[in-house]
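Beneath this line is the structure, given in structure tokens, with notes to follow.
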Amino acid sequence: MIAVQNPSIEYLEKELVLRNQKITEQNQTITTQNQKITKQNDKIIYLEEQLNWLKRQIFGKKSERDVSSINENQPEFEGFEKLEVTDQPTKPVAGHERRQPNRKGQESIVLPKDLPVETVIIDIPEEQKICKETGVSLVRIGEETTLKLTYKPGSFYLKEIIRPKYAHPQQEEKGIFTAELPDTLLPKCRADESFLAFILTKKFADHMPLYRICEELQRHRITISRKLLSQWVIRCGMALMPLYKEMKKLILQSGNIFIDETPVKIQEKVKCNTGYMWVIVGGHGADPPYRIYDFRENRCHDNVIDILSDYRGNLHSDKYGAYERLGQLKIVNWCPCYSHIRRKFFEAETGDPIFRQWVLRKIKYLFMLERVAWARSPEERLRIRQEQEIPLIEELITKIKGKLTDGRILPKSKLREALGYFCGLIPYLKNYTKCAWARLDNNVAERAIRPLAIGRKNWLFFGSIEGGEAGAVILSLVQTCRGLGINPMEYLEDVMRRLMSHNAQKLHELLPDQWQLRRKTQADSHSSSTSS
């Protein structure tokens, strides 16, 4: 028989140690793998959240989307054309080469021969047709004729302005007498105010770029270069600047403004730069009447300080740092927008859906209470805010603070971002409850900036800095008219005819709301006189 040797105690102990080491290593591997799996799951949740957000941005229903980037090789055909002309042929001149002007009709106006003509005769008064010194009647020696391209709804025609010229029959040194031309916004311009109003309305109310306006005119056999149209638009914007400044002054005096900004492209030779257009809406009421646009070349904080210089009222905005800084310094009563807060939680689809729904429901209650409050008197509105809305806000603050500090939220998740966004605004969340005319949101400015966001999809960029400044002026008047239910074309035509001769101390009479009130008063008086 073969004897079986029992393993020694030392051998068993050694095997046990090795086995324990192996089990420990396996446990460590399992722990490491579990930690890695947890991190990967967190990352998967984060990426899925980002993917869902991106899908909503691309395929979801949105009123505003970012403008696509402009191809550097894209031809110049939208917006304001630059005023300089490049790559023109040259001709040799002694000592240097002089640029030869382009005379192929690109800058001229070509009209059809059968375009209707409406003649207007502007004569001097009868008493001026007699020489005051000699009593001799002046003799008509000719006439001055001015042609202006004019527009009336549905058709174009030429307005022929004839001004007879008179002279003394015996004393030629007394000179020539003729009536003055009516005041015009653009001196020596071949376009009537009605035609200019048509162009401005097409571009800034109907969002049509100048090249499409040129095509529409060509269908009426009227050829006008885009460069010339661009020059007219810029000159109109500069000429209407006094009305713009008057409206801005009234907005800053209102004590209750809404502000927002959006990027716009500025055409350059190599590629488009990014400028910014601020929109400022002001006045009392649920939907203030005045809205102005302010064009800037960048988005630095100094622009906000310049725009809001000496302003000390209610300021409604998003959480852009420049506005928050004004609130921190107590320069204004900063009222952050609850719509932006709600949007942050709406986009946070993962994390804690029950808590997210609770927050959205509470914010919905705030908006419902505000709808009721705005249907009441200012005093009653303040009472509703103090008694019912402030407790809701305090409840939101308490719960959201607790949720942020419990440590169970992914640090890069949308929910964590929404919680941080809310907590950063806690010192200012009740500011709107201090003033009856303040609002819970900044939707007034959001609505005012929507036409610009829609328009830039068509004209894509401003052709120059001057084009951006002129566009801001005209947009301000046109969009204020639209907000008040005024026909922008009718308003612009009337105001452009009257602006040059209007009293500079009474410019407010030409602003859209005052213009509308005067028209209504005239219509009421006319109807009453007709009925009597």
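Labels used: A, B, ... for chains in the order of the structure tokens, numbers from 1 for residues in each chain, and numbers from 1 for ligands as shown.
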
Considering only C-alpha atoms, give me a table of residues in stretch 318-396 of chain A that are at most 12 Å from stretch 287-299 of chain A, with the closest atom pair and distance in Å for each, as CSV.
residue,atom,partner,partner_atom,distance
A:Tyr320,CA,A:Arg299,CA,10.3
A:Gly321,CA,A:Arg299,CA,10.9
A:Ala322,CA,A:Arg299,CA,9.6
A:Trp374,CA,A:Asp287,CA,11.1

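Non-sequential neighbours of stretch 165-175 of chain A (distance at most 7 Å, separation of 2 or more positions within a chain, only C-alpha atoms) are Leu138, Val139, Arg140, Ile141, Gly142, Glu143, Glu144, Arg163, Phe177 and Thr178 of chain A.
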
Selection to disk with C-alpha atoms, as an mmCIF file, in the first residue's frame:
data_model
loop_
_atom_site.group_PDB
_atom_site.id
_atom_site.type_symbol
_atom_site.label_atom_id
_atom_site.label_comp_id
_atom_site.auth_asym_id
_atom_site.auth_seq_id
_atom_site.Cartn_x
_atom_site.Cartn_y
_atom_site.Cartn_z
ATOM 1 C CA LEU A 138 -43.520 139.340 -63.794
ATOM 2 C CA VAL A 139 -43.211 137.282 -66.951
ATOM 3 C CA ARG A 140 -43.160 133.500 -66.932
ATOM 4 C CA ILE A 141 -39.899 132.439 -68.567
ATOM 5 C CA GLY A 142 -40.006 128.686 -68.050
ATOM 6 C CA GLU A 143 -40.431 126.099 -65.381
ATOM 7 C CA GLU A 144 -38.501 123.753 -63.090
ATOM 8 C CA ARG A 163 -42.720 125.017 -60.671
ATOM 9 C CA PHE A 177 -38.729 133.819 -58.844
ATOM 10 C CA THR A 178 -40.019 130.267 -58.309
#

Selection: 12 Å around A:Lys249, only C-alpha atoms, excl. self and same-chain fewer than 2 positions, as a PyMOL selection string: chain A and resi 242-247+251-255+257+280-283+290-292+307-311+507-508+511

Which of stretch 154-352 of chain A counts as strand (DSSP E) under DSSP, as a compact mmCIF listing (two decimals) with all heavy atoms, in the first residue's frame please?
# COMPACT_ATOMS: atom_id res chain seq x y z
N SER A 155 -49.57 99.98 -57.21
CA SER A 155 -49.02 100.53 -58.46
C SER A 155 -47.93 101.55 -58.17
O SER A 155 -47.83 102.09 -57.07
CB SER A 155 -50.13 101.17 -59.29
OG SER A 155 -50.67 102.30 -58.61
N PHE A 156 -47.13 101.78 -59.20
CA PHE A 156 -46.10 102.80 -59.16
C PHE A 156 -46.41 103.85 -60.24
O PHE A 156 -46.98 103.53 -61.28
CB PHE A 156 -44.72 102.19 -59.42
CG PHE A 156 -44.32 101.14 -58.43
CD1 PHE A 156 -44.64 99.81 -58.63
CD2 PHE A 156 -43.62 101.49 -57.28
CE1 PHE A 156 -44.28 98.83 -57.72
CE2 PHE A 156 -43.26 100.52 -56.36
CZ PHE A 156 -43.58 99.19 -56.58
N TYR A 157 -45.99 105.08 -60.00
CA TYR A 157 -46.15 106.12 -61.00
C TYR A 157 -45.12 107.21 -60.75
O TYR A 157 -44.45 107.24 -59.72
CB TYR A 157 -47.56 106.69 -60.98
CG TYR A 157 -47.95 107.42 -59.72
CD1 TYR A 157 -47.83 108.80 -59.62
CD2 TYR A 157 -48.44 106.72 -58.62
CE1 TYR A 157 -48.17 109.47 -58.46
CE2 TYR A 157 -48.80 107.38 -57.45
CZ TYR A 157 -48.66 108.76 -57.39
OH TYR A 157 -49.01 109.42 -56.24
N LEU A 158 -45.00 108.12 -61.72
CA LEU A 158 -44.09 109.25 -61.58
C LEU A 158 -44.87 110.49 -61.15
O LEU A 158 -45.91 110.80 -61.74
CB LEU A 158 -43.39 109.54 -62.91
CG LEU A 158 -42.11 108.77 -63.21
CD1 LEU A 158 -41.58 109.15 -64.58
CD2 LEU A 158 -41.05 109.04 -62.15
N LYS A 159 -44.36 111.15 -60.16
CA LYS A 159 -44.94 112.43 -59.76
C LYS A 159 -44.10 113.54 -60.40
O LYS A 159 -42.92 113.68 -60.12
CB LYS A 159 -44.95 112.59 -58.24
CG LYS A 159 -45.53 113.92 -57.77
CD LYS A 159 -45.35 114.13 -56.28
CE LYS A 159 -46.21 113.15 -55.49
NZ LYS A 159 -46.10 113.42 -54.03
N GLU A 160 -44.74 114.27 -61.30
CA GLU A 160 -44.05 115.37 -61.99
C GLU A 160 -44.42 116.69 -61.30
O GLU A 160 -45.56 117.13 -61.34
CB GLU A 160 -44.47 115.41 -63.46
CG GLU A 160 -43.75 116.48 -64.26
CD GLU A 160 -44.23 116.53 -65.70
OE1 GLU A 160 -45.44 116.31 -65.92
OE2 GLU A 160 -43.41 116.78 -66.60
N ILE A 161 -43.44 117.29 -60.66
CA ILE A 161 -43.65 118.54 -59.94
C ILE A 161 -43.17 119.68 -60.84
O ILE A 161 -41.98 119.77 -61.16
CB ILE A 161 -42.90 118.55 -58.60
CG1 ILE A 161 -43.34 117.36 -57.74
CG2 ILE A 161 -43.11 119.87 -57.87
CD1 ILE A 161 -42.57 117.23 -56.45
N ILE A 162 -44.09 120.53 -61.26
CA ILE A 162 -43.77 121.66 -62.14
C ILE A 162 -43.85 122.94 -61.32
O ILE A 162 -44.86 123.23 -60.68
CB ILE A 162 -44.74 121.72 -63.33
CG1 ILE A 162 -44.58 120.45 -64.19
CG2 ILE A 162 -44.49 122.97 -64.16
CD1 ILE A 162 -45.54 120.38 -65.34
N ARG A 163 -42.76 123.73 -61.37
CA ARG A 163 -42.72 125.02 -60.67
C ARG A 163 -42.40 126.12 -61.68
O ARG A 163 -41.26 126.22 -62.15
CB ARG A 163 -41.65 124.98 -59.58
CG ARG A 163 -41.93 123.99 -58.45
CD ARG A 163 -40.79 123.96 -57.45
NE ARG A 163 -39.57 123.45 -58.04
CZ ARG A 163 -38.35 123.86 -57.69
NH1 ARG A 163 -38.21 124.80 -56.77
NH2 ARG A 163 -37.27 123.35 -58.27
N PRO A 164 -43.39 126.90 -62.06
CA PRO A 164 -43.15 127.98 -63.04
C PRO A 164 -42.10 128.97 -62.52
O PRO A 164 -42.03 129.27 -61.33
CB PRO A 164 -44.52 128.65 -63.18
CG PRO A 164 -45.49 127.61 -62.73
CD PRO A 164 -44.80 126.82 -61.68
N LYS A 165 -41.30 129.47 -63.48
CA LYS A 165 -40.26 130.46 -63.16
C LYS A 165 -40.68 131.82 -63.74
O LYS A 165 -41.19 131.90 -64.86
CB LYS A 165 -38.92 130.04 -63.76
CG LYS A 165 -38.38 128.73 -63.20
CD LYS A 165 -36.94 128.47 -63.63
CE LYS A 165 -36.82 128.29 -65.13
NZ LYS A 165 -35.44 127.97 -65.53
N TYR A 166 -40.45 132.87 -62.96
CA TYR A 166 -40.82 134.21 -63.36
C TYR A 166 -39.62 135.14 -63.24
O TYR A 166 -38.73 134.92 -62.40
CB TYR A 166 -41.96 134.74 -62.47
CG TYR A 166 -43.23 133.92 -62.56
CD1 TYR A 166 -43.45 132.84 -61.72
CD2 TYR A 166 -44.20 134.24 -63.51
CE1 TYR A 166 -44.60 132.08 -61.80
CE2 TYR A 166 -45.37 133.49 -63.60
CZ TYR A 166 -45.56 132.42 -62.74
OH TYR A 166 -46.71 131.68 -62.84
N ALA A 167 -39.65 136.19 -64.10
CA ALA A 167 -38.59 137.19 -64.07
C ALA A 167 -39.18 138.55 -64.43
O ALA A 167 -40.24 138.65 -65.08
CB ALA A 167 -37.46 136.81 -65.04
N ILE A 176 -34.63 135.43 -60.67
CA ILE A 176 -35.74 134.56 -61.06
C ILE A 176 -36.53 134.17 -59.81
O ILE A 176 -35.96 133.88 -58.76
CB ILE A 176 -35.21 133.30 -61.78
CG1 ILE A 176 -34.47 133.71 -63.06
CG2 ILE A 176 -36.33 132.32 -62.08
CD1 ILE A 176 -33.79 132.56 -63.76
N PHE A 177 -37.84 134.16 -59.94
CA PHE A 177 -38.73 133.82 -58.84
C PHE A 177 -39.42 132.49 -59.14
O PHE A 177 -39.99 132.32 -60.22
CB PHE A 177 -39.78 134.92 -58.64
CG PHE A 177 -39.18 136.27 -58.35
CD1 PHE A 177 -38.84 137.13 -59.40
CD2 PHE A 177 -38.94 136.67 -57.05
CE1 PHE A 177 -38.28 138.38 -59.14
CE2 PHE A 177 -38.39 137.91 -56.79
CZ PHE A 177 -38.06 138.77 -57.83
N THR A 223 -36.02 99.30 -62.73
CA THR A 223 -34.70 98.79 -62.37
C THR A 223 -33.99 99.80 -61.49
O THR A 223 -33.74 100.93 -61.91
CB THR A 223 -33.86 98.51 -63.63
OG1 THR A 223 -34.55 97.56 -64.46
CG2 THR A 223 -32.50 97.96 -63.24
N ILE A 224 -33.69 99.39 -60.28
CA ILE A 224 -32.92 100.21 -59.34
C ILE A 224 -31.87 99.31 -58.72
O ILE A 224 -32.17 98.20 -58.27
CB ILE A 224 -33.82 100.81 -58.23
CG1 ILE A 224 -34.96 101.63 -58.85
CG2 ILE A 224 -33.01 101.69 -57.29
CD1 ILE A 224 -35.92 102.20 -57.83
N ASN A 256 -39.88 101.44 -16.23
CA ASN A 256 -40.22 100.02 -16.31
C ASN A 256 -39.83 99.53 -17.69
O ASN A 256 -40.55 99.76 -18.67
CB ASN A 256 -41.72 99.81 -16.07
CG ASN A 256 -42.07 98.36 -15.80
OD1 ASN A 256 -41.44 97.72 -14.98
ND2 ASN A 256 -43.08 97.85 -16.49
N ILE A 257 -38.67 98.87 -17.83
CA ILE A 257 -38.19 98.46 -19.14
C ILE A 257 -37.85 96.98 -19.15
O ILE A 257 -37.59 96.36 -18.12
CB ILE A 257 -36.97 99.29 -19.59
CG1 ILE A 257 -35.76 99.01 -18.72
CG2 ILE A 257 -37.28 100.77 -19.62
CD1 ILE A 257 -34.50 99.69 -19.22
N PHE A 258 -37.87 96.44 -20.36
CA PHE A 258 -37.55 95.03 -20.63
C PHE A 258 -36.44 95.02 -21.67
O PHE A 258 -36.52 95.75 -22.67
CB PHE A 258 -38.78 94.30 -21.16
CG PHE A 258 -39.99 94.42 -20.26
CD1 PHE A 258 -40.76 95.58 -20.27
CD2 PHE A 258 -40.35 93.39 -19.42
CE1 PHE A 258 -41.87 95.69 -19.45
CE2 PHE A 258 -41.46 93.50 -18.59
CZ PHE A 258 -42.22 94.66 -18.61
N ILE A 259 -35.43 94.21 -21.47
CA ILE A 259 -34.27 94.26 -22.35
C ILE A 259 -33.80 92.85 -22.69
O ILE A 259 -33.90 91.92 -21.89
CB ILE A 259 -33.13 95.08 -21.69
CG1 ILE A 259 -31.99 95.34 -22.67
CG2 ILE A 259 -32.63 94.40 -20.42
CD1 ILE A 259 -30.98 96.35 -22.16
N ASP A 260 -33.31 92.71 -23.91
CA ASP A 260 -32.74 91.44 -24.36
C ASP A 260 -31.80 91.74 -25.52
O ASP A 260 -31.81 92.85 -26.07
CB ASP A 260 -33.85 90.48 -24.80
CG ASP A 260 -33.37 89.03 -24.84
OD1 ASP A 260 -32.22 88.78 -24.45
OD2 ASP A 260 -34.14 88.16 -25.27
N GLU A 261 -30.98 90.80 -25.89
CA GLU A 261 -30.05 91.02 -26.99
C GLU A 261 -29.94 89.75 -27.81
O GLU A 261 -30.19 88.64 -27.32
CB GLU A 261 -28.68 91.48 -26.49
CG GLU A 261 -27.78 90.40 -25.91
CD GLU A 261 -28.22 89.97 -24.51
OE1 GLU A 261 -28.94 90.72 -23.84
OE2 GLU A 261 -27.83 88.85 -24.10
N THR A 262 -29.55 89.91 -29.08
CA THR A 262 -29.40 88.76 -29.98
C THR A 262 -28.29 89.06 -30.97
O THR A 262 -28.06 90.22 -31.35
CB THR A 262 -30.72 88.49 -30.73
OG1 THR A 262 -30.62 87.26 -31.47
CG2 THR A 262 -31.06 89.60 -31.69
N PRO A 263 -27.54 88.04 -31.42
CA PRO A 263 -26.45 88.29 -32.36
C PRO A 263 -26.95 88.56 -33.77
O PRO A 263 -27.98 88.04 -34.19
CB PRO A 263 -25.63 87.00 -32.29
CG PRO A 263 -26.60 85.95 -31.86
CD PRO A 263 -27.58 86.64 -30.96
N VAL A 264 -26.21 89.39 -34.48
CA VAL A 264 -26.46 89.64 -35.90
C VAL A 264 -25.10 89.62 -36.61
O VAL A 264 -24.08 89.92 -36.00
CB VAL A 264 -27.17 90.99 -36.15
CG1 VAL A 264 -28.59 90.96 -35.65
CG2 VAL A 264 -26.41 92.14 -35.52
N LYS A 265 -25.11 89.28 -37.87
CA LYS A 265 -23.88 89.22 -38.64
C LYS A 265 -23.58 90.56 -39.30
O LYS A 265 -24.48 91.26 -39.76
CB LYS A 265 -23.97 88.13 -39.71
CG LYS A 265 -24.12 86.70 -39.17
CD LYS A 265 -22.87 86.28 -38.41
CE LYS A 265 -23.00 84.83 -37.94
NZ LYS A 265 -21.81 84.40 -37.20
N ILE A 266 -22.29 90.90 -39.35
CA ILE A 266 -21.82 92.11 -40.03
C ILE A 266 -20.89 91.66 -41.15
O ILE A 266 -19.89 90.98 -40.90
CB ILE A 266 -21.07 93.04 -39.08
CG1 ILE A 266 -21.89 93.32 -37.82
CG2 ILE A 266 -20.71 94.36 -39.77
CD1 ILE A 266 -21.14 94.07 -36.75
N ASN A 273 -18.40 89.17 -39.28
CA ASN A 273 -18.19 89.34 -37.84
C ASN A 273 -19.54 89.26 -37.13
O ASN A 273 -20.60 89.34 -37.76
CB ASN A 273 -17.52 90.68 -37.55
CG ASN A 273 -16.07 90.71 -38.02
OD1 ASN A 273 -15.42 89.67 -38.10
ND2 ASN A 273 -15.58 91.89 -38.35
N THR A 274 -19.49 89.13 -35.83
CA THR A 274 -20.71 89.04 -35.03
C THR A 274 -20.92 90.33 -34.26
O THR A 274 -20.07 90.72 -33.46
CB THR A 274 -20.66 87.86 -34.05
OG1 THR A 274 -20.51 86.65 -34.81
CG2 THR A 274 -21.95 87.77 -33.24
N GLY A 275 -22.02 91.00 -34.53
CA GLY A 275 -22.45 92.13 -33.74
C GLY A 275 -23.65 91.74 -32.90
O GLY A 275 -24.09 90.58 -32.94
N TYR A 276 -24.19 92.70 -32.17
CA TYR A 276 -25.35 92.41 -31.31
C TYR A 276 -26.37 93.52 -31.44
O TYR A 276 -26.03 94.70 -31.59
CB TYR A 276 -24.94 92.24 -29.85
CG TYR A 276 -24.39 90.88 -29.55
CD1 TYR A 276 -23.05 90.57 -29.80
CD2 TYR A 276 -25.22 89.87 -29.08
CE1 TYR A 276 -22.56 89.30 -29.56
CE2 TYR A 276 -24.73 88.59 -28.84
CZ TYR A 276 -23.40 88.31 -29.07
OH TYR A 276 -22.92 87.05 -28.85
N MET A 277 -27.63 93.11 -31.41
CA MET A 277 -28.74 94.06 -31.45
C MET A 277 -29.50 93.93 -30.13
O MET A 277 -30.04 92.87 -29.81
CB MET A 277 -29.66 93.77 -32.63
CG MET A 277 -30.73 94.82 -32.83
SD MET A 277 -30.12 96.34 -33.57
CE MET A 277 -30.11 95.86 -35.31
N TRP A 278 -29.50 95.01 -29.36
CA TRP A 278 -30.29 95.05 -28.13
C TRP A 278 -31.69 95.55 -28.45
O TRP A 278 -31.88 96.43 -29.30
CB TRP A 278 -29.64 95.98 -27.13
CG TRP A 278 -28.74 95.31 -26.14
CD1 TRP A 278 -29.07 94.90 -24.89
CD2 TRP A 278 -27.36 94.97 -26.31
NE1 TRP A 278 -27.98 94.31 -24.27
CE2 TRP A 278 -26.92 94.34 -25.11
CE3 TRP A 278 -26.44 95.11 -27.35
CZ2 TRP A 278 -25.63 93.88 -24.94
CZ3 TRP A 278 -25.17 94.66 -27.18
CH2 TRP A 278 -24.76 94.05 -25.99
N VAL A 279 -32.67 95.01 -27.78
CA VAL A 279 -34.03 95.52 -27.88
C VAL A 279 -34.45 95.97 -26.49
O VAL A 279 -34.24 95.26 -25.51
CB VAL A 279 -35.01 94.47 -28.44
CG1 VAL A 279 -35.07 93.22 -27.57
CG2 VAL A 279 -36.41 95.06 -28.57
N ILE A 280 -34.98 97.19 -26.41
CA ILE A 280 -35.42 97.76 -25.13
C ILE A 280 -36.87 98.17 -25.29
O ILE A 280 -37.21 98.96 -26.17
CB ILE A 280 -34.57 98.98 -24.73
CG1 ILE A 280 -33.07 98.62 -24.74
CG2 ILE A 280 -34.97 99.48 -23.36
CD1 ILE A 280 -32.32 99.09 -25.93
N VAL A 281 -37.72 97.59 -24.46
CA VAL A 281 -39.16 97.87 -24.49
C VAL A 281 -39.50 98.62 -23.21
O VAL A 281 -39.06 98.22 -22.12
CB VAL A 281 -39.99 96.58 -24.60
CG1 VAL A 281 -41.47 96.89 -24.70
CG2 VAL A 281 -39.53 95.76 -25.79
N GLY A 282 -40.26 99.71 -23.33
CA GLY A 282 -40.54 100.50 -22.15
C GLY A 282 -41.95 101.06 -22.11
O GLY A 282 -42.64 101.14 -23.13
N TYR A 290 -43.57 101.31 -26.54
CA TYR A 290 -42.34 101.67 -27.24
C TYR A 290 -41.34 100.53 -27.23
O TYR A 290 -41.12 99.89 -26.20
CB TYR A 290 -41.69 102.90 -26.60
CG TYR A 290 -42.50 104.16 -26.70
CD1 TYR A 290 -42.61 105.03 -25.63
CD2 TYR A 290 -43.17 104.48 -27.88
CE1 TYR A 290 -43.35 106.20 -25.72
CE2 TYR A 290 -43.92 105.64 -27.98
CZ TYR A 290 -44.01 106.50 -26.89
OH TYR A 290 -44.75 107.64 -26.99
N ARG A 291 -40.70 100.31 -28.37
CA ARG A 291 -39.62 99.34 -28.45
C ARG A 291 -38.54 99.88 -29.39
O ARG A 291 -38.83 100.25 -30.52
CB ARG A 291 -40.14 97.98 -28.91
CG ARG A 291 -40.99 97.98 -30.16
CD ARG A 291 -41.90 96.78 -30.15
NE ARG A 291 -42.86 96.84 -29.07
CZ ARG A 291 -43.61 95.81 -28.67
NH1 ARG A 291 -43.52 94.68 -29.29
NH2 ARG A 291 -44.46 95.93 -27.67
N ILE A 292 -37.33 99.95 -28.89
CA ILE A 292 -36.22 100.44 -29.71
C ILE A 292 -35.16 99.35 -29.81
O ILE A 292 -35.03 98.49 -28.92
CB ILE A 292 -35.60 101.73 -29.16
CG1 ILE A 292 -34.97 101.49 -27.78
CG2 ILE A 292 -36.61 102.85 -29.11
CD1 ILE A 292 -34.15 102.65 -27.29
N TYR A 293 -34.41 99.39 -30.90
CA TYR A 293 -33.32 98.46 -31.15
C TYR A 293 -32.02 99.25 -31.16
O TYR A 293 -31.96 100.34 -31.74
CB TYR A 293 -33.53 97.73 -32.48
CG TYR A 293 -34.78 96.88 -32.50
CD1 TYR A 293 -36.03 97.46 -32.69
CD2 TYR A 293 -34.72 95.51 -32.31
CE1 TYR A 293 -37.18 96.68 -32.68
CE2 TYR A 293 -35.86 94.72 -32.32
CZ TYR A 293 -37.09 95.32 -32.50
OH TYR A 293 -38.23 94.56 -32.50
N ASP A 294 -31.01 98.71 -30.52
CA ASP A 294 -29.73 99.39 -30.38
C ASP A 294 -28.64 98.48 -30.91
O ASP A 294 -28.38 97.41 -30.34
CB ASP A 294 -29.48 99.76 -28.92
CG ASP A 294 -28.37 100.78 -28.76
OD1 ASP A 294 -27.31 100.60 -29.39
OD2 ASP A 294 -28.55 101.75 -28.00
N PHE A 295 -27.99 98.89 -32.00
CA PHE A 295 -26.98 98.06 -32.64
C PHE A 295 -25.61 98.33 -32.03
O PHE A 295 -25.21 99.49 -31.87
CB PHE A 295 -26.94 98.35 -34.15
CG PHE A 295 -25.84 97.64 -34.88
CD1 PHE A 295 -25.96 96.30 -35.20
CD2 PHE A 295 -24.68 98.31 -35.24
CE1 PHE A 295 -24.94 95.63 -35.86
CE2 PHE A 295 -23.66 97.65 -35.90
CZ PHE A 295 -23.79 96.32 -36.22
N ARG A 296 -24.89 97.27 -31.69
CA ARG A 296 -23.54 97.37 -31.14
C ARG A 296 -22.64 96.35 -31.84
O ARG A 296 -23.10 95.34 -32.33
CB ARG A 296 -23.54 97.09 -29.63
CG ARG A 296 -24.48 98.01 -28.84
CD ARG A 296 -23.90 99.39 -28.68
NE ARG A 296 -24.88 100.32 -28.14
CZ ARG A 296 -24.57 101.31 -27.31
NH1 ARG A 296 -23.32 101.50 -26.95
NH2 ARG A 296 -25.51 102.14 -26.89
N ASN A 314 -37.32 99.72 -12.86
CA ASN A 314 -37.38 98.26 -12.93
C ASN A 314 -36.71 97.78 -14.21
O ASN A 314 -36.97 98.32 -15.30
CB ASN A 314 -38.84 97.78 -12.91
CG ASN A 314 -39.56 98.21 -11.65
OD1 ASN A 314 -39.01 98.16 -10.56
ND2 ASN A 314 -40.80 98.67 -11.81
N LEU A 315 -35.89 96.77 -14.10
CA LEU A 315 -35.19 96.19 -15.25
C LEU A 315 -35.51 94.71 -15.33
O LEU A 315 -35.18 93.94 -14.42
CB LEU A 315 -33.68 96.40 -15.14
CG LEU A 315 -32.83 95.77 -16.24
CD1 LEU A 315 -33.13 96.43 -17.58
CD2 LEU A 315 -31.35 95.86 -15.92
N HIS A 316 -36.16 94.29 -16.41
CA HIS A 316 -36.49 92.88 -16.63
C HIS A 316 -35.53 92.30 -17.66
O HIS A 316 -35.35 92.90 -18.74
CB HIS A 316 -37.93 92.74 -17.13
CG HIS A 316 -38.95 93.35 -16.21
ND1 HIS A 316 -39.15 94.71 -16.15
CD2 HIS A 316 -39.82 92.79 -15.35
CE1 HIS A 316 -40.11 94.95 -15.27
NE2 HIS A 316 -40.52 93.81 -14.77
N SER A 317 -34.95 91.15 -17.37
CA SER A 317 -33.99 90.57 -18.30
C SER A 317 -33.73 89.12 -17.94
O SER A 317 -34.27 88.59 -16.95
CB SER A 317 -32.67 91.36 -18.26
OG SER A 317 -31.98 91.10 -17.05
N ASN A 333 -33.86 98.11 -9.98
CA ASN A 333 -34.61 97.03 -9.35
C ASN A 333 -34.68 95.88 -10.35
O ASN A 333 -35.57 95.83 -11.20
CB ASN A 333 -36.01 97.51 -8.96
CG ASN A 333 -36.82 96.42 -8.28
OD1 ASN A 333 -36.30 95.61 -7.52
ND2 ASN A 333 -38.12 96.37 -8.60
N TRP A 334 -33.69 94.99 -10.26
CA TRP A 334 -33.55 93.94 -11.27
C TRP A 334 -34.56 92.83 -11.02
O TRP A 334 -34.61 92.24 -9.95
CB TRP A 334 -32.14 93.37 -11.24
CG TRP A 334 -31.89 92.35 -12.31
CD1 TRP A 334 -32.27 92.41 -13.61
CD2 TRP A 334 -31.21 91.10 -12.16
NE1 TRP A 334 -31.87 91.29 -14.30
CE2 TRP A 334 -31.22 90.46 -13.42
CE3 TRP A 334 -30.61 90.45 -11.08
CZ2 TRP A 334 -30.65 89.22 -13.64
CZ3 TRP A 334 -30.02 89.21 -11.30
CH2 TRP A 334 -30.04 88.60 -12.56
N CYS A 335 -35.38 92.55 -12.04
CA CYS A 335 -36.40 91.50 -11.97
C CYS A 335 -36.05 90.39 -12.95
O CYS A 335 -36.34 90.50 -14.15
CB CYS A 335 -37.78 92.07 -12.30
SG CYS A 335 -38.26 93.49 -11.28
N PRO A 336 -35.37 89.33 -12.50
CA PRO A 336 -35.02 88.24 -13.42
C PRO A 336 -36.25 87.53 -13.93
O PRO A 336 -37.30 87.51 -13.30
CB PRO A 336 -34.14 87.32 -12.56
CG PRO A 336 -34.51 87.64 -11.16
CD PRO A 336 -34.91 89.07 -11.12

Listing only residues of stretch 342-408 of chain A within 9 Å of stretch 438-451 of chain A, what is the closest atom pair and its distance in Å (to one decimal) for each, using only C-alpha atoms, sorted by chain and residue number ascending, as a Markdown table?
| residue | atom | partner | partner_atom | distance |
| --- | --- | --- | --- | --- |
| A:Leu366 | CA | A:Leu440 | CA | 8.3 |
| A:Phe367 | CA | A:Leu440 | CA | 7.5 |
| A:Glu370 | CA | A:Leu440 | CA | 7.4 |

At what distance in Å, to one decimal, does atom CA of A:Leu200 lie from atom CA of A:Asn503? 24.4 Å

Please, what distance in Å, to one decimal, runs between atom CA of A:Phe59 and atom CA of A:Ile341? 22.6 Å

Please indicate the distance in Å from atom CA of A:Trp459 to atom CA of A:His301, rounded to one decimal place.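 Atom-to-atom, atom CA of A:Trp459 to atom CA of A:His301, that is 27.3 Å.
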
Could you list, as a PyMOL selection string, every residue within 12 Å of A:Pro187, counting only C-alpha atoms and ignoring same-chain residues fewer than 4 positions away? chain A and resi 146+148+181-183+191-193+232+235-236+239+496-497+500

Would you give me, as JSON lines, each residue of stretch 107-164 of chain A having an atom within 12 Å of an atom of stretch 482-492 of chain A, along with its shortest atom pair and that distance in Å to one decimal, using only C-alpha atoms and sorting by chain and residue number?
{"residue": "A:Tyr151", "atom": "CA", "partner": "A:Met489", "partner_atom": "CA", "distance": 10.5}
{"residue": "A:Lys152", "atom": "CA", "partner": "A:Glu490", "partner_atom": "CA", "distance": 10.2}
{"residue": "A:Pro153", "atom": "CA", "partner": "A:Met489", "partner_atom": "CA", "distance": 9.9}

With DSSP run on the backbone, what are the alpha helix (DSSP H) residues within stretch 299-437 of chain A? I'd like them as an MDAnalysis selection string. chainID A and resid 301:307 321:328 338:347 353:373 378:384 390:405 414:423
